[in-house]
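Listing of work_39.pdb, PDB, C-alpha atoms, pLDDT in the B column
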```pdb
ATOM      1  CA  LEU A   1     185.605 183.299 112.038  1.00 90.00           C
ATOM      2  CA  TYR A   2     185.646 181.939 115.588  1.00 87.00           C
ATOM      3  CA  SER A   3     188.965 180.140 115.195  1.00 87.00           C
ATOM      4  CA  PRO A   4     191.752 182.669 115.871  1.00 88.00           C
ATOM      5  CA  ALA A   5     194.069 180.926 113.377  1.00 89.00           C
ATOM      6  CA  GLN A   6     191.503 180.937 110.575  1.00 89.00           C
ATOM      7  CA  ARG A   7     190.396 184.454 111.501  1.00 91.00           C
ATOM      8  CA  ARG A   8     193.963 185.689 110.902  1.00 91.00           C
ATOM      9  CA  GLU A   9     193.703 184.285 107.354  1.00 91.00           C
ATOM     10  CA  SER A  10     190.172 185.287 106.351  1.00 89.00           C
ATOM     11  CA  PHE A  11     189.371 188.253 108.631  1.00 92.00           C
ATOM     12  CA  ALA A  12     192.828 189.606 109.451  1.00 92.00           C
ATOM     13  CA  GLN A  13     191.701 193.174 110.146  1.00 92.00           C
ATOM     14  CA  VAL A  14     188.791 192.491 112.505  1.00 94.00           C
ATOM     15  CA  ARG A  15     188.775 193.264 116.211  1.00 94.00           C
ATOM     16  CA  PHE A  16     186.669 191.964 119.066  1.00 95.00           C
ATOM     17  CA  ASP A  17     183.861 194.439 118.359  1.00 96.00           C
ATOM     18  CA  PHE A  18     183.379 192.765 114.960  1.00 97.00           C
ATOM     19  CA  LEU A  19     182.805 189.431 116.721  1.00 97.00           C
ATOM     20  CA  VAL A  20     180.204 191.106 118.929  1.00 97.00           C
ATOM     21  CA  PHE A  21     178.404 192.483 115.845  1.00 97.00           C
ATOM     22  CA  VAL A  22     178.446 189.029 114.251  1.00 98.00           C
ATOM     23  CA  ALA A  23     177.050 187.455 117.430  1.00 98.00           C
ATOM     24  CA  ARG A  24     174.292 190.063 117.479  1.00 98.00           C
ATOM     25  CA  ASN A  25     173.482 189.407 113.818  1.00 98.00           C
ATOM     26  CA  ILE A  26     173.341 185.634 114.322  1.00 98.00           C
ATOM     27  CA  ALA A  27     170.927 186.175 117.208  1.00 98.00           C
ATOM     28  CA  ALA A  28     168.799 188.454 115.014  1.00 98.00           C
ATOM     29  CA  ALA A  29     168.684 185.804 112.280  1.00 98.00           C
ATOM     30  CA  PHE A  30     167.530 183.183 114.809  1.00 98.00           C
ATOM     31  CA  ALA A  31     164.902 185.610 116.148  1.00 98.00           C
ATOM     32  CA  THR A  32     163.527 186.219 112.657  1.00 97.00           C
ATOM     33  CA  LEU A  33     163.332 182.499 111.937  1.00 97.00           C
ATOM     34  CA  HIS A  34     161.517 181.851 115.230  1.00 97.00           C
ATOM     35  CA  GLU A  35     159.120 184.779 114.696  1.00 97.00           C
ATOM     36  CA  HIS A  36     157.931 183.001 111.557  1.00 95.00           C
ATOM     37  CA  GLY A  37     157.244 179.773 113.476  1.00 95.00           C
ATOM     38  CA  HIS A  38     160.270 177.859 112.233  1.00 96.00           C
ATOM     39  CA  VAL A  39     163.248 176.273 113.999  1.00 97.00           C
ATOM     40  CA  LEU A  40     166.752 175.851 112.647  1.00 97.00           C
ATOM     41  CA  GLY A  41     167.128 172.459 114.377  1.00 96.00           C
ATOM     42  CA  ASP A  42     170.510 171.422 113.020  1.00 96.00           C
ATOM     43  CA  VAL A  43     172.445 174.307 114.541  1.00 97.00           C
ATOM     44  CA  ASN A  44     176.181 174.142 113.858  1.00 95.00           C
ATOM     45  CA  GLN A  45     179.063 176.331 112.735  1.00 92.00           C
ATOM     46  CA  GLY A  46     178.572 175.253 109.119  1.00 93.00           C
ATOM     47  CA  ASN A  47     175.168 176.842 108.630  1.00 93.00           C
ATOM     48  CA  VAL A  48     176.143 180.459 109.224  1.00 95.00           C
ATOM     49  CA  LEU A  49     178.057 182.468 106.639  1.00 95.00           C
ATOM     50  CA  VAL A  50     179.620 185.781 107.701  1.00 96.00           C
ATOM     51  CA  GLY A  51     180.343 188.686 105.389  1.00 95.00           C
ATOM     52  CA  ALA A  52     183.104 191.256 105.666  1.00 94.00           C
ATOM     53  CA  ASP A  53     180.488 193.724 106.943  1.00 95.00           C
ATOM     54  CA  SER A  54     179.450 191.359 109.815  1.00 96.00           C
ATOM     55  CA  ARG A  55     176.180 190.405 108.141  1.00 97.00           C
ATOM     56  CA  VAL A  56     175.205 186.773 108.450  1.00 97.00           C
ATOM     57  CA  ILE A  57     173.372 184.402 106.156  1.00 96.00           C
ATOM     58  CA  LEU A  58     171.831 181.153 107.366  1.00 95.00           C
ATOM     59  CA  ILE A  59     172.434 178.294 104.956  1.00 94.00           C
ATOM     60  CA  ASP A  60     171.638 174.571 104.827  1.00 89.00           C
ATOM     61  CA  CYS A  61     167.960 175.529 105.083  1.00 89.00           C
ATOM     62  CA  ASP A  62     166.800 172.142 103.781  1.00 89.00           C
ATOM     63  CA  SER A  63     167.200 170.799 107.318  1.00 92.00           C
ATOM     64  CA  PHE A  64     165.175 173.519 109.084  1.00 96.00           C
ATOM     65  CA  GLN A  65     162.026 172.492 110.932  1.00 97.00           C
ATOM     66  CA  ILE A  66     159.229 174.249 109.060  1.00 97.00           C
ATOM     67  CA  GLN A  67     155.647 174.726 110.176  1.00 92.00           C
ATOM     68  CA  VAL A  68     153.165 175.371 107.345  1.00 93.00           C
ATOM     69  CA  GLY A  69     149.601 175.489 108.591  1.00 92.00           C
ATOM     70  CA  ASP A  70     148.979 172.180 110.323  1.00 94.00           C
ATOM     71  CA  ALA A  71     151.900 170.494 108.572  1.00 95.00           C
ATOM     72  CA  LEU A  72     155.152 170.169 110.512  1.00 96.00           C
ATOM     73  CA  HIS A  73     158.276 169.251 108.558  1.00 97.00           C
ATOM     74  CA  ARG A  74     160.788 168.156 111.183  1.00 97.00           C
ATOM     75  CA  CYS A  75     164.530 168.579 111.162  1.00 96.00           C
ATOM     76  CA  GLU A  76     165.800 165.006 111.147  1.00 96.00           C
ATOM     77  CA  VAL A  77     169.520 165.721 111.574  1.00 96.00           C
ATOM     78  CA  GLY A  78     171.821 167.277 114.136  1.00 95.00           C
ATOM     79  CA  VAL A  79     175.455 167.733 115.100  1.00 95.00           C
ATOM     80  CA  ALA A  80     176.210 166.125 118.468  1.00 96.00           C
ATOM     81  CA  HIS A  81     178.448 168.949 119.711  1.00 96.00           C
ATOM     82  CA  PHE A  82     175.587 171.426 119.187  1.00 97.00           C
ATOM     83  CA  THR A  83     172.786 169.183 120.472  1.00 97.00           C
ATOM     84  CA  PRO A  84     171.311 170.293 123.815  1.00 97.00           C
ATOM     85  CA  PRO A  85     171.749 168.061 126.876  1.00 96.00           C
ATOM     86  CA  GLU A  86     168.147 166.878 126.913  1.00 96.00           C
ATOM     87  CA  LEU A  87     168.473 165.526 123.350  1.00 97.00           C
ATOM     88  CA  GLN A  88     171.911 163.915 123.708  1.00 96.00           C
ATOM     89  CA  ARG A  89     170.471 160.415 124.245  1.00 94.00           C
ATOM     90  CA  VAL A  90     168.024 160.620 121.331  1.00 95.00           C
ATOM     91  CA  ALA A  91     168.848 157.934 118.775  1.00 94.00           C
ATOM     92  CA  SER A  92     167.000 159.647 115.911  1.00 96.00           C
ATOM     93  CA  PHE A  93     165.497 163.085 115.395  1.00 97.00           C
ATOM     94  CA  GLU A  94     162.795 161.782 113.015  1.00 96.00           C
ATOM     95  CA  ASP A  95     160.014 162.022 115.597  1.00 96.00           C
ATOM     96  CA  ILE A  96     161.435 164.878 117.672  1.00 97.00           C
ATOM     97  CA  THR A  97     159.735 168.238 117.440  1.00 97.00           C
ATOM     98  CA  ARG A  98     162.434 170.834 117.998  1.00 97.00           C
ATOM     99  CA  THR A  99     161.719 174.053 119.844  1.00 97.00           C
ATOM    100  CA  PRO A 100     163.183 177.556 119.848  1.00 97.00           C
ATOM    101  CA  ASN A 101     164.640 176.605 123.257  1.00 97.00           C
ATOM    102  CA  HIS A 102     166.626 173.807 121.573  1.00 97.00           C
ATOM    103  CA  ASP A 103     167.884 176.349 119.028  1.00 98.00           C
ATOM    104  CA  ALA A 104     168.782 178.643 121.936  1.00 98.00           C
ATOM    105  CA  PHE A 105     171.364 176.099 123.075  1.00 98.00           C
ATOM    106  CA  GLY A 106     173.006 176.078 119.641  1.00 97.00           C
ATOM    107  CA  LEU A 107     172.852 179.866 119.419  1.00 98.00           C
ATOM    108  CA  ALA A 108     174.582 180.182 122.784  1.00 98.00           C
ATOM    109  CA  LEU A 109     177.255 177.775 121.543  1.00 98.00           C
ATOM    110  CA  LEU A 110     177.859 179.808 118.378  1.00 98.00           C
ATOM    111  CA  ILE A 111     178.184 182.989 120.434  1.00 98.00           C
ATOM    112  CA  PHE A 112     180.476 181.259 122.934  1.00 98.00           C
ATOM    113  CA  HIS A 113     182.717 180.054 120.103  1.00 97.00           C
ATOM    114  CA  LEU A 114     182.919 183.588 118.716  1.00 96.00           C
ATOM    115  CA  LEU A 115     183.672 185.355 121.983  1.00 97.00           C
ATOM    116  CA  MET A 116     185.836 182.688 123.608  1.00 97.00           C
ATOM    117  CA  GLY A 117     188.409 182.026 120.903  1.00 94.00           C
ATOM    118  CA  GLY A 118     186.761 178.991 119.339  1.00 95.00           C
ATOM    119  CA  ARG A 119     186.520 177.010 122.585  1.00 96.00           C
ATOM    120  CA  HIS A 120     183.600 174.686 123.278  1.00 97.00           C
ATOM    121  CA  PRO A 121     181.929 175.464 126.626  1.00 98.00           C
ATOM    122  CA  TYR A 122     181.934 171.805 127.684  1.00 98.00           C
ATOM    123  CA  SER A 123     185.539 171.108 126.740  1.00 96.00           C
ATOM    124  CA  GLY A 124     187.850 171.534 129.666  1.00 96.00           C
ATOM    125  CA  VAL A 125     190.277 169.885 132.041  1.00 97.00           C
ATOM    126  CA  PRO A 126     188.722 166.860 133.787  1.00 97.00           C
ATOM    127  CA  LEU A 127     189.010 166.871 137.577  1.00 97.00           C
ATOM    128  CA  ALA A 128     188.031 163.197 137.980  1.00 96.00           C
ATOM    129  CA  ASP A 129     188.235 159.891 136.150  1.00 94.00           C
ATOM    130  CA  HIS A 130     185.708 159.296 133.350  1.00 90.00           C
ATOM    131  CA  ILE A 131     185.155 163.025 132.878  1.00 93.00           C
ATOM    132  CA  GLY A 132     186.097 164.550 129.551  1.00 92.00           C
ATOM    133  CA  GLU A 133     186.053 161.233 127.695  1.00 93.00           C
ATOM    134  CA  SER A 134     183.366 162.457 125.291  1.00 95.00           C
ATOM    135  CA  LEU A 135     182.024 165.905 124.609  1.00 96.00           C
ATOM    136  CA  GLU A 136     178.526 164.455 124.201  1.00 96.00           C
ATOM    137  CA  ALA A 137     178.633 162.978 127.725  1.00 96.00           C
ATOM    138  CA  ASP A 138     179.932 166.232 129.182  1.00 97.00           C
ATOM    139  CA  ILE A 139     177.112 168.151 127.470  1.00 97.00           C
ATOM    140  CA  ARG A 140     174.545 165.634 128.711  1.00 96.00           C
ATOM    141  CA  ASP A 141     175.929 165.935 132.264  1.00 96.00           C
ATOM    142  CA  PHE A 142     176.029 169.771 132.183  1.00 96.00           C
ATOM    143  CA  ARG A 143     179.812 169.920 132.677  1.00 97.00           C
ATOM    144  CA  TYR A 144     180.104 173.552 131.630  1.00 98.00           C
ATOM    145  CA  ALA A 145     183.830 174.169 132.107  1.00 98.00           C
ATOM    146  CA  TYR A 146     183.409 177.907 132.752  1.00 98.00           C
ATOM    147  CA  ALA A 147     180.535 177.618 135.248  1.00 98.00           C
ATOM    148  CA  LYS A 148     180.715 179.352 138.602  1.00 96.00           C
ATOM    149  CA  ASP A 149     180.594 175.887 140.148  1.00 97.00           C
ATOM    150  CA  ALA A 150     182.813 174.166 137.550  1.00 97.00           C
ATOM    151  CA  ALA A 151     184.852 172.395 140.244  1.00 97.00           C
ATOM    152  CA  GLN A 152     181.657 170.761 141.545  1.00 97.00           C
ATOM    153  CA  ARG A 153     180.955 169.709 137.950  1.00 96.00           C
ATOM    154  CA  LEU A 154     184.417 168.071 138.023  1.00 97.00           C
ATOM    155  CA  ILE A 155     185.816 170.147 135.181  1.00 97.00           C
ATOM    156  CA  ALA A 156     187.917 173.297 134.793  1.00 97.00           C
ATOM    157  CA  PRO A 157     188.503 175.666 131.886  1.00 97.00           C
ATOM    158  CA  PRO A 158     191.308 174.634 129.544  1.00 96.00           C
ATOM    159  CA  PRO A 159     194.731 176.218 130.095  1.00 95.00           C
ATOM    160  CA  LYS A 160     195.436 179.407 128.160  1.00 92.00           C
ATOM    161  CA  SER A 161     191.736 179.897 127.376  1.00 94.00           C
ATOM    162  CA  VAL A 162     190.119 183.309 127.422  1.00 94.00           C
ATOM    163  CA  PRO A 163     188.998 183.955 131.013  1.00 97.00           C
ATOM    164  CA  ILE A 164     185.200 184.004 131.170  1.00 98.00           C
ATOM    165  CA  ASP A 165     185.316 187.045 133.447  1.00 97.00           C
ATOM    166  CA  SER A 166     186.907 189.051 130.630  1.00 97.00           C
ATOM    167  CA  LEU A 167     183.372 189.291 129.229  1.00 98.00           C
ATOM    168  CA  PRO A 168     180.696 191.604 130.656  1.00 97.00           C
ATOM    169  CA  PRO A 169     178.874 190.075 133.653  1.00 98.00           C
ATOM    170  CA  ALA A 170     175.546 190.121 131.773  1.00 97.00           C
ATOM    171  CA  ILE A 171     177.015 187.944 128.996  1.00 98.00           C
ATOM    172  CA  VAL A 172     178.639 185.598 131.525  1.00 98.00           C
ATOM    173  CA  ALA A 173     175.223 185.232 133.185  1.00 97.00           C
ATOM    174  CA  LEU A 174     173.592 184.395 129.825  1.00 98.00           C
ATOM    175  CA  PHE A 175     176.179 181.665 129.216  1.00 98.00           C
ATOM    176  CA  GLU A 176     175.572 180.313 132.715  1.00 97.00           C
ATOM    177  CA  GLN A 177     171.829 180.263 131.998  1.00 96.00           C
ATOM    178  CA  ALA A 178     172.343 178.528 128.629  1.00 97.00           C
ATOM    179  CA  PHE A 179     174.805 175.844 129.706  1.00 97.00           C
ATOM    180  CA  THR A 180     173.825 174.806 133.224  1.00 95.00           C
ATOM    181  CA  GLU A 181     170.951 172.598 134.296  1.00 83.00           C
ATOM    182  CA  PRO A 182     168.391 175.312 135.106  1.00 78.00           C
ATOM    183  CA  GLY A 183     168.804 176.563 131.517  1.00 74.00           C
ATOM    184  CA  VAL A 184     167.129 173.483 130.071  1.00 80.00           C
ATOM    185  CA  ASP A 185     163.699 175.073 130.364  1.00 81.00           C
ATOM    186  CA  ALA A 186     164.624 178.721 129.944  1.00 89.00           C
ATOM    187  CA  ARG A 187     167.723 179.332 127.878  1.00 97.00           C
ATOM    188  CA  PRO A 188     168.407 182.903 126.750  1.00 97.00           C
ATOM    189  CA  THR A 189     166.328 183.810 123.721  1.00 97.00           C
ATOM    190  CA  PRO A 190     167.827 185.414 120.609  1.00 98.00           C
ATOM    191  CA  GLN A 191     166.315 188.712 121.731  1.00 98.00           C
ATOM    192  CA  GLN A 192     168.116 188.486 125.077  1.00 97.00           C
ATOM    193  CA  TRP A 193     171.471 188.023 123.347  1.00 97.00           C
TER     194      TRP A 193
END
```

Can you give me the file's structure in the form of structure tokens?
Amino acid sequence: LYSPAQRRESFAQVRFDFLVFVARNIAAAFATLHEHGHVLGDVNQGNVLVGADSRVILIDCDSFQIQVGDALHRCEVGVAHFTPPELQRVASFEDITRTPNHDAFGLALLIFHLLMGGRHPYSGVPLADHIGESLEADIRDFRYAYAKDAAQRLIAPPPKSVPIDSLPPAIVALFEQAFTEPGVDARPTPQQW
């Protein structure tokens, strides 16, 4: 759905408001999961199905982190492009207890993809050598290409990308909170989205 080319094939009649409804519904699904004490963990574009009515279904539930009484069943997998900066150097997720704040990074990414034409928030035009060589490194180094201070982060938005200021200021501020260094401890919650 977030890729404009694929959207023309599978969701040809939808407008931007549909994407907003889908983003809202993904956030609601995350909120419900968290309210029950669980964490998605392996957040990525492949574990959300979208219906023609904008409803969403979370799939690939076998990798969720589940808390049952005192027993914690960890999520041992993850997709690098959806892994938050603080976990980018982790060699294995086997002993990592994921948090709703980790999920909040992935949720913000899913919403960014939807509203920004399929772009990744850390994929941009490098403004210095050794920048932009790997998406994982740019995530780890908080090189959010659409940040207010993107030039200081040595990256710029890609050419012909949707301008971030075409979104409401409140949404732009949530992305800034999710993808810049201060957001590590307090990313926007599903309820805030």

Expand the PyMOL selection byres ((chain A and resi 96) around 12) into the explicit residue set it covers here, and present it as a PDB file with C-alpha atoms, keeping the file's coordinate frame.
```
ATOM      1  CA  GLY A  41     167.128 172.459 114.377  1.00 96.00           C
ATOM      2  CA  GLN A  65     162.026 172.492 110.932  1.00 97.00           C
ATOM      3  CA  LEU A  72     155.152 170.169 110.512  1.00 96.00           C
ATOM      4  CA  HIS A  73     158.276 169.251 108.558  1.00 97.00           C
ATOM      5  CA  ARG A  74     160.788 168.156 111.183  1.00 97.00           C
ATOM      6  CA  CYS A  75     164.530 168.579 111.162  1.00 96.00           C
ATOM      7  CA  GLU A  76     165.800 165.006 111.147  1.00 96.00           C
ATOM      8  CA  VAL A  77     169.520 165.721 111.574  1.00 96.00           C
ATOM      9  CA  GLY A  78     171.821 167.277 114.136  1.00 95.00           C
ATOM     10  CA  GLU A  86     168.147 166.878 126.913  1.00 96.00           C
ATOM     11  CA  LEU A  87     168.473 165.526 123.350  1.00 97.00           C
ATOM     12  CA  VAL A  90     168.024 160.620 121.331  1.00 95.00           C
ATOM     13  CA  ALA A  91     168.848 157.934 118.775  1.00 94.00           C
ATOM     14  CA  SER A  92     167.000 159.647 115.911  1.00 96.00           C
ATOM     15  CA  PHE A  93     165.497 163.085 115.395  1.00 97.00           C
ATOM     16  CA  GLU A  94     162.795 161.782 113.015  1.00 96.00           C
ATOM     17  CA  ASP A  95     160.014 162.022 115.597  1.00 96.00           C
ATOM     18  CA  THR A  97     159.735 168.238 117.440  1.00 97.00           C
ATOM     19  CA  ARG A  98     162.434 170.834 117.998  1.00 97.00           C
ATOM     20  CA  THR A  99     161.719 174.053 119.844  1.00 97.00           C
ATOM     21  CA  HIS A 102     166.626 173.807 121.573  1.00 97.00           C
TER      22      HIS A 102
END
```

* Asked: Which is closer to Gly118 of chain A than all the others in A:Ile26, A:Leu19, A:Ala31, A:Val14, using all atoms listed in the file?
  -> A:Leu19

Contact residues around Tyr2 of chain A with all atoms listed in the file at 12 Å, ignoring same-chain residues under 4 positions, as a CSV table (one decimal) with C-alpha atoms, keeping the file's coordinate frame:
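selection.csv, written as the output of this step:
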```csv
chain,number,residue,atom,x,y,z
A,6,GLN,CA,191.5,180.9,110.6
A,7,ARG,CA,190.4,184.5,111.5
A,8,ARG,CA,194.0,185.7,110.9
A,9,GLU,CA,193.7,184.3,107.4
A,10,SER,CA,190.2,185.3,106.4
A,11,PHE,CA,189.4,188.3,108.6
A,14,VAL,CA,188.8,192.5,112.5
A,15,ARG,CA,188.8,193.3,116.2
A,16,PHE,CA,186.7,192.0,119.1
A,18,PHE,CA,183.4,192.8,115.0
A,19,LEU,CA,182.8,189.4,116.7
A,20,VAL,CA,180.2,191.1,118.9
A,22,VAL,CA,178.4,189.0,114.3
A,23,ALA,CA,177.0,187.5,117.4
A,45,GLN,CA,179.1,176.3,112.7
A,46,GLY,CA,178.6,175.3,109.1
A,48,VAL,CA,176.1,180.5,109.2
A,49,LEU,CA,178.1,182.5,106.6
A,50,VAL,CA,179.6,185.8,107.7
A,109,LEU,CA,177.3,177.8,121.5
A,110,LEU,CA,177.9,179.8,118.4
A,111,ILE,CA,178.2,183.0,120.4
A,112,PHE,CA,180.5,181.3,122.9
A,113,HIS,CA,182.7,180.1,120.1
A,114,LEU,CA,182.9,183.6,118.7
A,115,LEU,CA,183.7,185.4,122.0
A,116,MET,CA,185.8,182.7,123.6
A,117,GLY,CA,188.4,182.0,120.9
A,118,GLY,CA,186.8,179.0,119.3
A,119,ARG,CA,186.5,177.0,122.6
A,120,HIS,CA,183.6,174.7,123.3
```

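For the pair atom CA of Asp62 of chain A and atom CA of Ser123 of chain A, the separation is 29.7 Å.
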
* **Matched chain/residue IDs from the PyMOL selection byres ((chain A and resi 164) around 10), as an MDAnalysis selection string** => chainID A and resid 112 115:116 145:148 157 161:163 165:169 171:172 175

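With distances restricted to only C-alpha atoms, A:Gly106 is the closest residue to Val39 of chain A from A:Gly106, A:Pro159, A:Gly69, A:Gly183.
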
* Asked: What does the distance from atom CA of Pro158 of chain A to atom CA of Tyr144 of chain A come to in Å, to one decimal?
  -> 11.4 Å

* Expansion of the PyMOL selection byres ((chain A and resi 153) around 12) into residues, as a count of residues only -> 30

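Put simply, atom CA of Ala173 of chain A is 11.6 Å away from atom CA of Ala108 of chain A.
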
Have segment 162-175 of chain A completed to N, CA, C and O atoms, please, and pass it along as a compact mmCIF listing (two decimals), in the frame of the given file.
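Writing the result to part.txt gives the following:
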```
# COMPACT_ATOMS: atom_id res chain seq x y z
N VAL A 162 190.56 181.96 127.06
CA VAL A 162 190.12 183.31 127.42
C VAL A 162 189.37 183.21 128.76
O VAL A 162 188.47 182.37 128.89
N PRO A 163 189.73 184.01 129.74
CA PRO A 163 189.00 183.96 131.01
C PRO A 163 187.55 184.42 130.82
O PRO A 163 187.31 185.45 130.19
N ILE A 164 186.61 183.66 131.34
CA ILE A 164 185.20 184.00 131.17
C ILE A 164 184.89 185.37 131.77
O ILE A 164 184.06 186.11 131.24
N ASP A 165 185.59 185.75 132.83
CA ASP A 165 185.32 187.04 133.45
C ASP A 165 185.89 188.23 132.66
O ASP A 165 185.77 189.37 133.09
N SER A 166 186.50 187.95 131.50
CA SER A 166 186.91 189.05 130.63
C SER A 166 185.71 189.59 129.83
O SER A 166 185.81 190.63 129.19
N LEU A 167 184.60 188.85 129.88
CA LEU A 167 183.37 189.29 129.23
C LEU A 167 182.52 190.06 130.24
O LEU A 167 182.66 189.89 131.44
N PRO A 168 181.59 190.89 129.73
CA PRO A 168 180.70 191.60 130.66
C PRO A 168 179.88 190.63 131.51
O PRO A 168 179.49 189.56 131.02
N PRO A 169 179.62 190.97 132.77
CA PRO A 169 178.87 190.08 133.65
C PRO A 169 177.52 189.63 133.09
O PRO A 169 177.11 188.49 133.31
N ALA A 170 176.85 190.49 132.35
CA ALA A 170 175.55 190.12 131.77
C ALA A 170 175.70 188.99 130.76
O ALA A 170 174.85 188.09 130.69
N ILE A 171 176.77 189.00 129.98
CA ILE A 171 177.02 187.94 129.00
C ILE A 171 177.42 186.65 129.71
O ILE A 171 176.96 185.56 129.36
N VAL A 172 178.25 186.77 130.73
CA VAL A 172 178.64 185.60 131.52
C VAL A 172 177.39 184.95 132.11
O VAL A 172 177.25 183.72 132.10
N ALA A 173 176.47 185.76 132.60
CA ALA A 173 175.22 185.23 133.18
C ALA A 173 174.37 184.53 132.12
O ALA A 173 173.76 183.50 132.41
N LEU A 174 174.34 185.06 130.90
CA LEU A 174 173.59 184.40 129.82
C LEU A 174 174.20 183.04 129.48
O LEU A 174 173.47 182.06 129.26
N PHE A 175 175.53 182.96 129.45
CA PHE A 175 176.18 181.66 129.22
C PHE A 175 175.85 180.68 130.34
O PHE A 175 175.56 179.51 130.08
```
